[in-house]
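Chemist: What follows is a single structure, and I will ask about it in a moment.
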There are 2 protein chains.
Amino acid sequence: MPTIALVDDDRNILTSVSIALEAEGYRIMTYTDGASALDGFKTSPPDLAILDIKMPRMDGMETLRRMRQKTDIPVIFLTSKDEEIDELFGLKMGADDFIRKPFSQRLLVERVKAVLRRVTPKDGSAPKETDAKALERGSLRMDPERHTCTWKNEPVTLTVTEFLILQALAQRPGVVKSRNALMDAAYDDQVYVDDRTIDSHIKRLRKKFKVVDNDFEMIETLYGVGYRFKEA
Amino acid sequence: MPTIALVDDDRNILTSVSIALEAEGYRIMTYTDGASALDGFKTSPPDLAILDIKMPRMDGMETLRRMRQKTDIPVIFLTSKDEEIDELFGLKMGADDFIRKPFSQRLLVERVKAVLRRVTPKDGSAPKETDAKALERGSLRMDPERHTCTWKNEPVTLTVTEFLILQALAQRPGVVKSRNALMDAAYDDQVYVDDRTIDSHIKRLRKKFKVVDNDFEMIETLYGVGYRFKEA
DNA sequence: CATAGTTGTTGCAGAGATGTCACATTTCAG
DNA sequence: CTGAAATGTGACATCTCTGCAACAACTATG
């Protein structure tokens, strides 16, 4: 069963929503502020996060922004009536849904199900690692639809293979990808190339980024393991 | 009679619009969220989809985004007064029309008819891609109804195929279209032509535009990916 | 039926991308 | 510290993709 993270400074909401969702069989993790939530996500990332948009210390927006630097965990925002403006911004940040307070338990459960259904294809098809979704990781931006890539707003021209490899790396910053994993990301199944080929592409990627930023060091090498995109 | 899919979380709208459109003789399918709509489209694709842009907010956009990866079913968005910004975004995503809430039944029916008229050639042949709405992208103007095309107010005479291909490209500036995507746009389903054929048409398009503007460079080639119309 | 216009295909040359190799350099275990 | 293994790097041959032009088939039209 999917795990759902609940982030809200209002403990009443925390408990009531927990009960409602647990009744549906979901596993719930609760946090009272964005910072600790982000912390918790590191060790045990949920399948879905429900964020209160208005929290002390770090609000929902900021929490989402930081989350998006590392993952694509779907997010549902809890908003008040008078926070409509934020929704537009949230949309841009990659929020998946909004629920206006006050809300019924039933509505919430429905929305949660809807988002999860959308994100997880129910048929047994392998969850596509490489989504056609635009990516933003710190100063890196990639848009598969447009086949564009920018670093610190400077355009970087990548070839198809380079694009796919970088995408696979940037998808999960801080996570090591073996050369085989990168091959899977860049080539059709049944196509096998030498390990060292990946090295070449990494070399070319680094080179291209150094042109626009001489201090570019985002692609790290893990001796004997693979490569990873540096965590923000 | 054409089938129209209606996607909105507000059941009042769902029923009232259904009634209005059914009165015109259309077959209606209703969904309360984007996910189930996409699901339904798989088995029975409609001729037109009307999406509420903020079912939950993201859902309209996201639904369209996912639709556009597979089909070119025309889409009309329902938006609120204060969502002007979204229209720009929606246009980028490839929406065909927008209707502001609140709207009259008569207006809605009119728009639906207009979009369907453009998209569906009067004979029973399969609807091609191409939203037949007049298009204006920077200095480019295309009017499918009149089959006219101008660049910087200078007329450019295009053949049917050329027109369709350019239209597909200009529809979403900055977005790469693979040769296959362009074929889908220009030909009936099940018609396959050589990749190089697209190249030929691109060549002819470029040539024709160069006649009126020697510096015309709007059609970009992306090695190994496809073509794209330069973003404004 | 003739003609002008349109369209799909083909071949080729040039440009670009890619995989591999050889060699330099780094890392790591012992 | 030392050697083996892994990685960085530049060069290069190969392969792929694209632009172009020519051509033949096809279509519409009168």
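Starting from 1 in every chain, residues are counted up; chains themselves are A, B, ... following the order of the structure tokens, and ligands are numbered from 1 as listed.
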When DSSP works through the backbone of this structure, what residues of chain A end up as strand (DSSP E or B), shown as an MDAnalysis selection string?
Modeler: chainID A and resid 3:7 27:31 48:52 75:79 97:100 135:137 140:143 148:151 154:155 177 219:222 226:229
Chemist: Keeping N, CA and C atoms, export the residues of the selection given above as a short mmCIF file (atom, residue, chain, number, x, y, z; two decimals), in the first residue's frame.
Modeler:
```cif
data_model
loop_
_atom_site.label_atom_id
_atom_site.label_comp_id
_atom_site.auth_asym_id
_atom_site.auth_seq_id
_atom_site.Cartn_x
_atom_site.Cartn_y
_atom_site.Cartn_z
N THR A 3 2.52 4.86 0.68
CA THR A 3 2.78 5.66 1.87
C THR A 3 2.48 7.12 1.58
N ILE A 4 1.81 7.76 2.50
CA ILE A 4 1.46 9.15 2.31
C ILE A 4 2.04 10.00 3.43
N ALA A 5 2.71 11.07 3.06
CA ALA A 5 3.26 11.98 4.07
C ALA A 5 2.29 13.13 4.26
N LEU A 6 2.10 13.48 5.51
CA LEU A 6 1.16 14.53 5.86
C LEU A 6 1.95 15.62 6.58
N VAL A 7 1.90 16.83 6.05
CA VAL A 7 2.68 17.91 6.66
C VAL A 7 1.76 19.08 6.99
N ARG A 27 -0.41 3.91 4.39
CA ARG A 27 0.52 4.07 5.49
C ARG A 27 0.79 5.56 5.62
N ILE A 28 0.70 6.10 6.80
CA ILE A 28 0.82 7.54 7.00
C ILE A 28 2.06 7.93 7.79
N MET A 29 2.73 8.97 7.33
CA MET A 29 3.80 9.57 8.10
C MET A 29 3.43 11.04 8.29
N THR A 30 3.53 11.52 9.50
CA THR A 30 3.15 12.91 9.74
C THR A 30 4.36 13.75 10.14
N TYR A 31 4.30 15.02 9.72
CA TYR A 31 5.33 15.99 10.11
C TYR A 31 4.62 17.30 10.43
N LEU A 48 3.28 9.93 -1.91
CA LEU A 48 2.48 11.15 -2.10
C LEU A 48 2.65 12.02 -0.86
N ALA A 49 2.69 13.33 -1.05
CA ALA A 49 2.80 14.22 0.09
C ALA A 49 1.64 15.21 0.09
N ILE A 50 1.06 15.40 1.23
CA ILE A 50 0.01 16.39 1.39
C ILE A 50 0.57 17.52 2.24
N LEU A 51 0.68 18.70 1.67
CA LEU A 51 1.30 19.82 2.35
C LEU A 51 0.30 20.92 2.66
N ASP A 52 0.33 21.38 3.88
CA ASP A 52 -0.41 22.60 4.20
C ASP A 52 0.39 23.74 3.60
N VAL A 75 2.37 15.94 -5.10
CA VAL A 75 2.04 16.76 -3.95
C VAL A 75 0.62 17.32 -4.05
N ILE A 76 -0.10 17.22 -2.96
CA ILE A 76 -1.41 17.87 -2.87
C ILE A 76 -1.31 18.98 -1.84
N PHE A 77 -1.75 20.15 -2.20
CA PHE A 77 -1.71 21.28 -1.28
C PHE A 77 -3.03 21.46 -0.55
N LEU A 78 -2.93 21.83 0.70
CA LEU A 78 -4.11 22.26 1.43
C LEU A 78 -4.08 23.78 1.47
N THR A 79 -5.11 24.41 0.94
CA THR A 79 -5.13 25.87 0.90
C THR A 79 -6.38 26.41 1.55
N ASP A 97 -2.33 18.80 -7.08
CA ASP A 97 -3.73 19.05 -6.77
C ASP A 97 -3.82 20.05 -5.62
N PHE A 98 -4.99 20.63 -5.49
CA PHE A 98 -5.24 21.56 -4.39
C PHE A 98 -6.53 21.19 -3.71
N ILE A 99 -6.55 21.27 -2.42
CA ILE A 99 -7.78 21.04 -1.68
C ILE A 99 -8.01 22.25 -0.77
N ARG A 100 -9.18 22.83 -0.92
CA ARG A 100 -9.50 24.01 -0.14
C ARG A 100 -10.04 23.60 1.23
N LEU A 135 12.15 19.23 -16.23
CA LEU A 135 12.91 18.94 -15.02
C LEU A 135 13.62 20.19 -14.55
N GLU A 136 13.63 20.42 -13.26
CA GLU A 136 14.36 21.56 -12.74
C GLU A 136 15.09 21.15 -11.48
N ARG A 137 16.40 21.14 -11.58
CA ARG A 137 17.20 20.73 -10.44
C ARG A 137 18.25 21.79 -10.18
N LEU A 140 19.91 23.61 -13.07
CA LEU A 140 19.73 22.82 -14.30
C LEU A 140 18.26 22.76 -14.68
N ARG A 141 18.01 23.00 -15.94
CA ARG A 141 16.66 22.87 -16.44
C ARG A 141 16.68 22.03 -17.70
N MET A 142 15.78 21.09 -17.78
CA MET A 142 15.69 20.24 -18.97
C MET A 142 14.24 20.10 -19.38
N ASP A 143 13.99 20.27 -20.66
CA ASP A 143 12.63 20.12 -21.17
C ASP A 143 12.64 19.16 -22.35
N THR A 148 15.46 21.00 -24.88
CA THR A 148 16.33 22.10 -24.48
C THR A 148 16.91 21.81 -23.11
N CYS A 149 18.06 22.38 -22.87
CA CYS A 149 18.73 22.20 -21.59
C CYS A 149 19.48 23.48 -21.26
N THR A 150 19.30 23.98 -20.06
CA THR A 150 20.01 25.18 -19.65
C THR A 150 20.65 24.98 -18.29
N TRP A 151 21.81 25.63 -18.12
CA TRP A 151 22.51 25.63 -16.84
C TRP A 151 22.71 27.09 -16.44
N GLU A 154 21.87 29.51 -19.02
CA GLU A 154 22.63 29.47 -20.28
C GLU A 154 22.27 28.20 -21.02
N PRO A 155 21.97 28.31 -22.29
CA PRO A 155 21.61 27.12 -23.04
C PRO A 155 22.81 26.18 -23.26
N LYS A 177 23.90 6.11 -10.31
CA LYS A 177 23.39 5.28 -11.40
C LYS A 177 24.56 4.49 -11.98
N ILE A 219 28.39 16.45 -12.08
CA ILE A 219 28.39 15.02 -12.35
C ILE A 219 29.56 14.37 -11.63
N GLU A 220 29.23 13.61 -10.61
CA GLU A 220 30.27 12.99 -9.79
C GLU A 220 30.53 11.55 -10.20
N THR A 221 31.76 11.14 -10.03
CA THR A 221 32.13 9.76 -10.34
C THR A 221 32.25 8.98 -9.03
N LEU A 222 31.63 7.82 -8.98
CA LEU A 222 31.78 6.96 -7.81
C LEU A 222 32.59 5.75 -8.25
N GLY A 226 29.48 4.01 -10.33
CA GLY A 226 28.81 4.67 -11.44
C GLY A 226 28.92 6.18 -11.32
N TYR A 227 27.86 6.85 -11.76
CA TYR A 227 27.87 8.31 -11.70
C TYR A 227 26.65 8.80 -10.93
N ARG A 228 26.74 10.02 -10.48
CA ARG A 228 25.54 10.60 -9.89
C ARG A 228 25.56 12.11 -10.07
N PHE A 229 24.34 12.65 -10.09
CA PHE A 229 24.18 14.08 -10.19
C PHE A 229 24.22 14.63 -8.78
#
```
Chemist: Counting only C-alpha atoms, which residues from chain A have an atom at most 7 Å from any atom of chain B, and could you show them as a ChimeraX atom specification?
Modeler: /A:91,96-98,114,117-118,145-147,160
Chemist: For chain C, which residues have at least one atom within 8 Å of chain A, if we go by only C-alpha atoms (C1' of nucleotides)? Write them as a PyMOL selection string, please.
Modeler: chain C and resi 17+19-20+27
Chemist: Taking C-alpha atoms (C1' of nucleotides) for each residue, export the selection above as a PDB file, in the first residue's frame.
Modeler:
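That gives us result33.pdb:
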```pdb
ATOM      1  C1'  DA C  17      26.971  11.886 -33.636  1.00  0.00           C
ATOM      2  C1'  DG C  19      31.324   3.733 -30.192  1.00  0.00           C
ATOM      3  C1'  DT C  20      35.837   2.135 -29.455  1.00  0.00           C
ATOM      4  C1'  DT C  27      41.640   5.420  -7.002  1.00  0.00           C
TER       5       DT C  27
END
```
Chemist: Counting only C-alpha atoms (C1' of nucleotides), which residues in chain D sit no more than 10 Å from chain B? For each one, give the nearest pair of atoms and the distance in Å, sorted by chain then residue number, as JSON lines.
Modeler:
```
{"residue": "D:DT16", "atom": "C1'", "partner": "B:Gly224", "partner_atom": "CA", "distance": 8.5}
{"residue": "D:DC17", "atom": "C1'", "partner": "B:Gly224", "partner_atom": "CA", "distance": 6.5}
{"residue": "D:DT18", "atom": "C1'", "partner": "B:Asp199", "partner_atom": "CA", "distance": 7.7}
{"residue": "D:DG19", "atom": "C1'", "partner": "B:Lys203", "partner_atom": "CA", "distance": 7.4}
{"residue": "D:DC20", "atom": "C1'", "partner": "B:Lys203", "partner_atom": "CA", "distance": 8.1}
```
Chemist: Can I have chain A aligned to chain B? Use a least-squares fit on all Cα atoms paired in order and write it out as a JSON list (two decimals) with C-alpha atoms, in the first residue's frame.
Modeler:
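Result written to superposed-v3.json:
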```json
[["chain", "number", "residue", "atom", "x", "y", "z"],
["A", 1, "MET", "CA", -19.02, 7.54, -29.38],
["A", 2, "PRO", "CA", -16.93, 10.64, -28.80],
["A", 3, "THR", "CA", -14.90, 11.08, -25.67],
["A", 4, "ILE", "CA", -15.30, 14.28, -23.72],
["A", 5, "ALA", "CA", -12.86, 15.61, -21.15],
["A", 6, "LEU", "CA", -14.25, 17.59, -18.28],
["A", 7, "VAL", "CA", -11.94, 19.87, -16.33],
["A", 8, "ASP", "CA", -13.25, 21.66, -13.28],
["A", 9, "ASP", "CA", -12.18, 22.00, -9.69],
["A", 10, "ASP", "CA", -15.77, 21.91, -8.54],
["A", 11, "ARG", "CA", -16.63, 18.25, -8.04],
["A", 12, "ASN", "CA", -20.33, 18.99, -8.02],
["A", 13, "ILE", "CA", -20.16, 20.25, -11.54],
["A", 14, "LEU", "CA", -17.91, 17.39, -12.50],
["A", 15, "THR", "CA", -20.42, 14.79, -11.42],
["A", 16, "SER", "CA", -23.57, 16.49, -12.59],
["A", 17, "VAL", "CA", -22.21, 17.24, -16.00],
["A", 18, "SER", "CA", -20.76, 13.77, -16.30],
["A", 19, "ILE", "CA", -24.12, 12.25, -15.66],
["A", 20, "ALA", "CA", -25.80, 14.46, -18.18],
["A", 21, "LEU", "CA", -23.31, 13.71, -20.90],
["A", 22, "GLU", "CA", -23.05, 10.03, -20.16],
["A", 23, "ALA", "CA", -26.77, 9.84, -20.55],
["A", 24, "GLU", "CA", -26.23, 10.99, -24.12],
["A", 25, "GLY", "CA", -23.81, 8.19, -24.66],
["A", 26, "TYR", "CA", -20.55, 10.10, -24.48],
["A", 27, "ARG", "CA", -17.51, 8.70, -22.79],
["A", 28, "ILE", "CA", -16.36, 11.05, -20.04],
["A", 29, "MET", "CA", -12.97, 11.68, -18.52],
["A", 30, "THR", "CA", -12.76, 14.08, -15.62],
["A", 31, "TYR", "CA", -9.88, 16.13, -14.25],
["A", 32, "THR", "CA", -9.80, 18.55, -11.36],
["A", 33, "ASP", "CA", -7.09, 20.82, -12.72],
["A", 34, "GLY", "CA", -5.48, 21.86, -15.95],
["A", 35, "ALA", "CA", -2.13, 20.24, -15.32],
["A", 36, "SER", "CA", -3.46, 16.75, -14.84],
["A", 37, "ALA", "CA", -5.81, 17.25, -17.76],
["A", 38, "LEU", "CA", -2.94, 18.08, -20.08],
["A", 39, "ASP", "CA", -1.19, 15.04, -18.78],
["A", 40, "GLY", "CA", -4.14, 12.84, -19.46],
["A", 41, "PHE", "CA", -4.63, 14.24, -22.95],
["A", 42, "LYS", "CA", -1.20, 13.00, -23.90],
["A", 43, "THR", "CA", -2.12, 9.37, -23.54],
["A", 44, "SER", "CA", -5.80, 9.57, -24.41],
["A", 45, "PRO", "CA", -6.84, 12.72, -26.21],
["A", 46, "PRO", "CA", -10.56, 13.45, -26.05],
["A", 47, "ASP", "CA", -12.70, 14.60, -28.96],
["A", 48, "LEU", "CA", -13.78, 17.63, -27.02],
["A", 49, "ALA", "CA", -12.71, 19.34, -23.82],
["A", 50, "ILE", "CA", -14.87, 21.36, -21.48],
["A", 51, "LEU", "CA", -12.76, 23.67, -19.34],
["A", 52, "ASP", "CA", -13.73, 25.73, -16.37],
["A", 53, "ILE", "CA", -12.13, 29.06, -16.98],
["A", 54, "LYS", "CA", -11.46, 29.72, -13.33],
["A", 55, "MET", "CA", -9.43, 27.02, -11.68],
["A", 56, "PRO", "CA", -6.68, 26.99, -9.10],
["A", 57, "ARG", "CA", -3.09, 26.39, -10.23],
["A", 58, "MET", "CA", -3.60, 26.46, -13.96],
["A", 59, "ASP", "CA", -6.68, 28.23, -15.18],
["A", 60, "GLY", "CA", -8.69, 27.42, -18.27],
["A", 61, "MET", "CA", -6.97, 29.99, -20.46],
["A", 62, "GLU", "CA", -3.55, 28.71, -19.72],
["A", 63, "THR", "CA", -4.69, 25.15, -20.20],
["A", 64, "LEU", "CA", -6.13, 26.05, -23.59],
["A", 65, "ARG", "CA", -2.97, 27.86, -24.57],
["A", 66, "ARG", "CA", -0.91, 24.80, -23.83],
["A", 67, "MET", "CA", -3.33, 22.53, -25.56],
["A", 68, "ARG", "CA", -3.19, 24.64, -28.68],
["A", 69, "GLN", "CA", 0.54, 24.13, -28.83],
["A", 70, "LYS", "CA", -0.10, 20.52, -29.65],
["A", 71, "THR", "CA", -3.59, 19.85, -30.81],
["A", 72, "ASP", "CA", -6.75, 21.34, -32.17],
["A", 73, "ILE", "CA", -9.14, 19.55, -29.90],
["A", 74, "PRO", "CA", -12.25, 21.71, -29.69],
["A", 75, "VAL", "CA", -12.78, 23.44, -26.37],
["A", 76, "ILE", "CA", -15.85, 24.76, -24.61],
["A", 77, "PHE", "CA", -15.28, 27.17, -21.75],
["A", 78, "LEU", "CA", -17.37, 27.45, -18.64],
["A", 79, "THR", "CA", -17.45, 31.08, -17.56],
["A", 80, "SER", "CA", -19.11, 33.13, -14.89],
["A", 81, "LYS", "CA", -21.17, 36.16, -15.61],
["A", 82, "ASP", "CA", -18.40, 38.52, -14.64],
["A", 83, "GLU", "CA", -15.80, 37.01, -16.92],
["A", 84, "GLU", "CA", -16.94, 38.45, -20.16],
["A", 85, "ILE", "CA", -13.62, 40.04, -20.86],
["A", 86, "ASP", "CA", -12.00, 36.66, -20.90],
["A", 87, "GLU", "CA", -14.18, 35.54, -23.71],
["A", 88, "LEU", "CA", -12.49, 37.83, -26.17],
["A", 89, "PHE", "CA", -9.17, 36.47, -25.16],
["A", 90, "GLY", "CA", -10.47, 32.95, -25.32],
["A", 91, "LEU", "CA", -11.70, 33.54, -28.80],
["A", 92, "LYS", "CA", -8.26, 34.47, -29.89],
["A", 93, "MET", "CA", -6.84, 31.38, -28.27],
["A", 94, "GLY", "CA", -9.15, 29.24, -30.31],
["A", 95, "ALA", "CA", -11.97, 28.43, -27.98],
["A", 96, "ASP", "CA", -14.98, 26.98, -29.74],
["A", 97, "ASP", "CA", -17.77, 27.97, -27.43],
["A", 98, "PHE", "CA", -18.61, 29.53, -24.10],
["A", 99, "ILE", "CA", -21.21, 28.53, -21.59],
["A", 100, "ARG", "CA", -22.14, 30.89, -18.82],
["A", 101, "LYS", "CA", -22.71, 29.53, -15.36],
["A", 102, "PRO", "CA", -25.21, 28.69, -14.20],
["A", 103, "PHE", "CA", -26.33, 26.61, -17.14],
["A", 104, "SER", "CA", -28.95, 23.98, -17.72],
["A", 105, "GLN", "CA", -27.93, 20.44, -18.53],
["A", 106, "ARG", "CA", -29.95, 20.67, -21.66],
["A", 107, "LEU", "CA", -28.10, 23.72, -22.88],
["A", 108, "LEU", "CA", -24.78, 22.10, -22.23],
["A", 109, "VAL", "CA", -25.67, 18.96, -24.10],
["A", 110, "GLU", "CA", -26.93, 21.06, -26.98],
["A", 111, "ARG", "CA", -23.73, 23.04, -27.21],
["A", 112, "VAL", "CA", -21.58, 19.96, -26.99],
["A", 113, "LYS", "CA", -23.50, 18.39, -29.81],
["A", 114, "ALA", "CA", -23.27, 21.55, -31.86],
["A", 115, "VAL", "CA", -19.52, 21.79, -31.52],
["A", 116, "LEU", "CA", -18.97, 18.15, -32.27],
["A", 117, "ARG", "CA", -21.24, 18.36, -35.27],
["A", 118, "ARG", "CA", -19.31, 21.31, -36.56],
["A", 119, "VAL", "CA", -15.97, 19.69, -36.09],
["A", 120, "THR", "CA", -16.84, 16.28, -37.39],
["A", 121, "PRO", "CA", -18.31, 16.34, -40.86],
["A", 122, "LYS", "CA", -21.01, 13.76, -40.73],
["A", 123, "ASP", "CA", -20.73, 12.61, -44.29],
["A", 124, "GLY", "CA", -18.14, 9.96, -44.88],
["A", 125, "SER", "CA", -15.71, 12.42, -46.35],
["A", 126, "ALA", "CA", -12.27, 12.02, -44.92],
["A", 127, "PRO", "CA", -11.59, 14.47, -42.15],
["A", 128, "LYS", "CA", -9.27, 16.98, -43.66],
["A", 129, "GLU", "CA", -5.95, 16.85, -41.94],
["A", 130, "THR", "CA", -4.94, 20.17, -43.33],
["A", 131, "ASP", "CA", -7.47, 22.68, -42.20],
["A", 132, "ALA", "CA", -7.26, 26.20, -43.50],
["A", 133, "LYS", "CA", -7.04, 27.31, -39.94],
["A", 134, "ALA", "CA", -4.16, 29.36, -38.69],
["A", 135, "LEU", "CA", -1.65, 27.45, -36.65],
["A", 136, "GLU", "CA", 0.40, 28.47, -33.65],
["A", 137, "ARG", "CA", 2.93, 26.12, -32.19],
["A", 138, "GLY", "CA", 5.28, 27.76, -29.79],
["A", 139, "SER", "CA", 7.28, 30.25, -31.82],
["A", 140, "LEU", "CA", 5.92, 28.98, -35.10],
["A", 141, "ARG", "CA", 2.98, 30.63, -36.72],
["A", 142, "MET", "CA", 1.39, 29.60, -39.99],
["A", 143, "ASP", "CA", -1.59, 31.12, -41.73],
["A", 144, "PRO", "CA", -2.69, 29.20, -44.81],
["A", 145, "GLU", "CA", -5.13, 31.90, -45.82],
["A", 146, "ARG", "CA", -2.36, 34.42, -46.06],
["A", 147, "HIS", "CA", 0.27, 31.88, -46.93],
["A", 148, "THR", "CA", 2.51, 33.39, -44.31],
["A", 149, "CYS", "CA", 4.84, 31.71, -41.88],
["A", 150, "THR", "CA", 6.83, 33.22, -39.04],
["A", 151, "TRP", "CA", 9.33, 31.86, -36.55],
["A", 152, "LYS", "CA", 9.81, 33.95, -33.45],
["A", 153, "ASN", "CA", 7.95, 36.68, -35.28],
["A", 154, "GLU", "CA", 10.45, 36.65, -38.13],
["A", 155, "PRO", "CA", 8.88, 35.97, -41.50],
["A", 156, "VAL", "CA", 9.95, 32.85, -43.34],
["A", 157, "THR", "CA", 9.06, 32.58, -47.00],
["A", 158, "LEU", "CA", 7.97, 29.12, -47.98],
["A", 159, "THR", "CA", 6.99, 27.60, -51.28],
["A", 160, "VAL", "CA", 3.71, 25.78, -51.61],
["A", 161, "THR", "CA", 5.15, 22.33, -51.11],
["A", 162, "GLU", "CA", 7.28, 23.39, -48.21],
["A", 163, "PHE", "CA", 4.31, 25.04, -46.63],
["A", 164, "LEU", "CA", 2.18, 21.95, -46.88],
["A", 165, "ILE", "CA", 4.84, 19.68, -45.49],
["A", 166, "LEU", "CA", 5.59, 21.92, -42.55],
["A", 167, "GLN", "CA", 1.93, 22.31, -41.90],
["A", 168, "ALA", "CA", 1.46, 18.58, -41.77],
["A", 169, "LEU", "CA", 4.33, 18.28, -39.32],
["A", 170, "ALA", "CA", 3.40, 21.20, -37.09],
["A", 171, "GLN", "CA", -0.20, 20.10, -36.94],
["A", 172, "ARG", "CA", 0.73, 17.43, -34.47],
["A", 173, "PRO", "CA", 3.95, 18.22, -32.68],
["A", 174, "GLY", "CA", 5.77, 15.22, -31.34],
["A", 175, "VAL", "CA", 4.01, 12.86, -33.70],
["A", 176, "VAL", "CA", 6.10, 11.18, -36.36],
["A", 177, "LYS", "CA", 5.02, 11.51, -39.95],
["A", 178, "SER", "CA", 6.30, 8.99, -42.45],
["A", 179, "ARG", "CA", 7.48, 10.20, -45.78],
["A", 180, "ASN", "CA", 4.37, 8.75, -47.31],
["A", 181, "ALA", "CA", 2.19, 10.66, -44.91],
["A", 182, "LEU", "CA", 3.98, 13.84, -45.81],
["A", 183, "MET", "CA", 3.56, 13.12, -49.50],
["A", 184, "ASP", "CA", -0.16, 12.70, -48.97],
["A", 185, "ALA", "CA", -0.22, 16.04, -47.26],
["A", 186, "ALA", "CA", 1.68, 17.83, -49.96],
["A", 187, "TYR", "CA", 0.46, 16.28, -53.16],
["A", 188, "ASP", "CA", -2.80, 15.37, -54.75],
["A", 189, "ASP", "CA", -3.68, 11.75, -54.62],
["A", 190, "GLN", "CA", -2.26, 9.68, -57.38],
["A", 191, "VAL", "CA", 0.89, 11.71, -57.47],
["A", 192, "TYR", "CA", 3.90, 9.73, -56.46],
["A", 193, "VAL", "CA", 7.37, 11.01, -56.09],
["A", 194, "ASP", "CA", 10.55, 9.55, -54.76],
["A", 195, "ASP", "CA", 10.93, 9.26, -50.99],
["A", 196, "ARG", "CA", 14.06, 11.26, -51.13],
["A", 197, "THR", "CA", 12.15, 14.21, -52.51],
["A", 198, "ILE", "CA", 10.70, 14.72, -49.07],
["A", 199, "ASP", "CA", 14.23, 14.76, -47.71],
["A", 200, "SER", "CA", 15.04, 17.56, -50.06],
["A", 201, "HIS", "CA", 12.12, 19.61, -48.92],
["A", 202, "ILE", "CA", 12.99, 19.01, -45.30],
["A", 203, "LYS", "CA", 16.49, 20.15, -46.08],
["A", 204, "ARG", "CA", 15.18, 23.32, -47.68],
["A", 205, "LEU", "CA", 12.85, 23.95, -44.79],
["A", 206, "ARG", "CA", 15.60, 23.60, -42.24],
["A", 207, "LYS", "CA", 17.82, 25.84, -44.26],
["A", 208, "LYS", "CA", 15.23, 28.58, -44.51],
["A", 209, "PHE", "CA", 14.58, 28.53, -40.79],
["A", 210, "LYS", "CA", 18.26, 28.57, -39.99],
["A", 211, "VAL", "CA", 18.50, 31.86, -41.78],
["A", 212, "VAL", "CA", 16.30, 33.53, -39.22],
["A", 213, "ASP", "CA", 17.36, 31.40, -36.26],
["A", 214, "ASN", "CA", 20.67, 29.63, -36.37],
["A", 215, "ASP", "CA", 19.64, 27.29, -33.56],
["A", 216, "PHE", "CA", 16.48, 26.09, -35.22],
["A", 217, "GLU", "CA", 16.16, 22.38, -34.51],
["A", 218, "MET", "CA", 12.43, 21.84, -34.58],
["A", 219, "ILE", "CA", 12.32, 19.31, -37.37],
["A", 220, "GLU", "CA", 13.62, 16.01, -36.05],
["A", 221, "THR", "CA", 14.59, 12.98, -38.04],
["A", 222, "LEU", "CA", 13.54, 9.54, -36.85],
["A", 223, "TYR", "CA", 15.81, 7.04, -38.45],
["A", 224, "GLY", "CA", 13.84, 4.61, -40.53],
["A", 225, "VAL", "CA", 10.52, 6.17, -39.61],
["A", 226, "GLY", "CA", 10.11, 9.74, -40.78],
["A", 227, "TYR", "CA", 10.11, 13.25, -39.44],
["A", 228, "ARG", "CA", 8.43, 15.05, -36.63],
["A", 229, "PHE", "CA", 8.00, 18.55, -35.36],
["A", 230, "LYS", "CA", 9.54, 18.86, -31.92],
["A", 231, "GLU", "CA", 7.12, 18.97, -29.08],
["A", 232, "ALA", "CA", 7.04, 22.17, -27.08]]
```
Chemist: Measure the distance from C1' of DC15 (chain D) to C1' of DT18 (chain C) in Å and round it to one decimal.
Modeler: 7.6 Å
Chemist: If I take C1' of DT9 (chain D) and C1' of DG30 (chain C), how far is one from the other in Å, to one decimal?
Modeler: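 For C1' of DT9 (chain D) relative to C1' of DG30 (chain C), the distance reads 29.1 Å.
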Chemist: When DSSP works through the backbone of this structure, what residues of region 115-220 of chain A end up as alpha helix (DSSP H), shown as a VMD selection string?
Modeler: chain A and resid 115 to 119 160 to 171 179 to 186 195 to 212
Chemist: Pull C-alpha atoms from the residues just selected and write them as a compact mmCIF listing (two decimals), in the first residue's frame.
Modeler:
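Output saved as selection_37.txt:
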```
# COMPACT_ATOMS: atom_id res chain seq x y z
CA VAL A 115 -3.58 11.53 -7.89
CA LEU A 116 -2.13 8.17 -7.06
CA ARG A 117 -4.07 6.56 -9.86
CA ARG A 118 -2.76 9.11 -12.28
CA VAL A 119 0.80 8.73 -11.19
CA VAL A 160 19.99 12.76 -27.95
CA THR A 161 22.13 10.29 -26.06
CA GLU A 162 23.66 12.94 -23.88
CA PHE A 163 20.24 14.29 -23.12
CA LEU A 164 18.92 10.92 -22.04
CA ILE A 165 21.88 10.17 -19.85
CA LEU A 166 21.80 13.51 -18.12
CA GLN A 167 18.09 13.20 -17.66
CA ALA A 168 18.50 9.86 -15.99
CA LEU A 169 21.09 11.31 -13.65
CA ALA A 170 19.29 14.55 -12.84
CA GLN A 171 16.05 12.73 -12.23
CA ARG A 179 26.67 2.39 -16.17
CA ASN A 180 24.15 -0.29 -16.94
CA ALA A 181 21.35 1.81 -15.54
CA LEU A 182 22.43 4.69 -17.70
CA MET A 183 22.57 2.46 -20.74
CA ASP A 184 19.02 1.36 -20.07
CA ALA A 185 18.01 4.98 -19.91
CA ALA A 186 19.71 5.93 -23.12
CA ASP A 195 30.74 0.32 -20.53
CA ARG A 196 33.32 2.82 -21.52
CA THR A 197 30.93 4.37 -23.99
CA ILE A 198 29.06 5.84 -21.07
CA ASP A 199 32.33 7.32 -19.86
CA SER A 200 32.70 9.03 -23.17
CA HIS A 201 29.28 10.55 -22.98
CA ILE A 202 29.90 11.71 -19.45
CA LYS A 203 33.10 13.28 -20.64
CA ARG A 204 31.26 15.09 -23.42
CA LEU A 205 28.57 16.23 -21.04
CA ARG A 206 31.06 17.65 -18.59
CA LYS A 207 32.88 19.36 -21.38
CA LYS A 208 29.77 21.01 -22.74
CA PHE A 209 28.78 22.30 -19.33
CA LYS A 210 32.25 23.60 -18.64
CA VAL A 211 31.90 25.83 -21.64
CA VAL A 212 29.13 27.77 -20.00
```
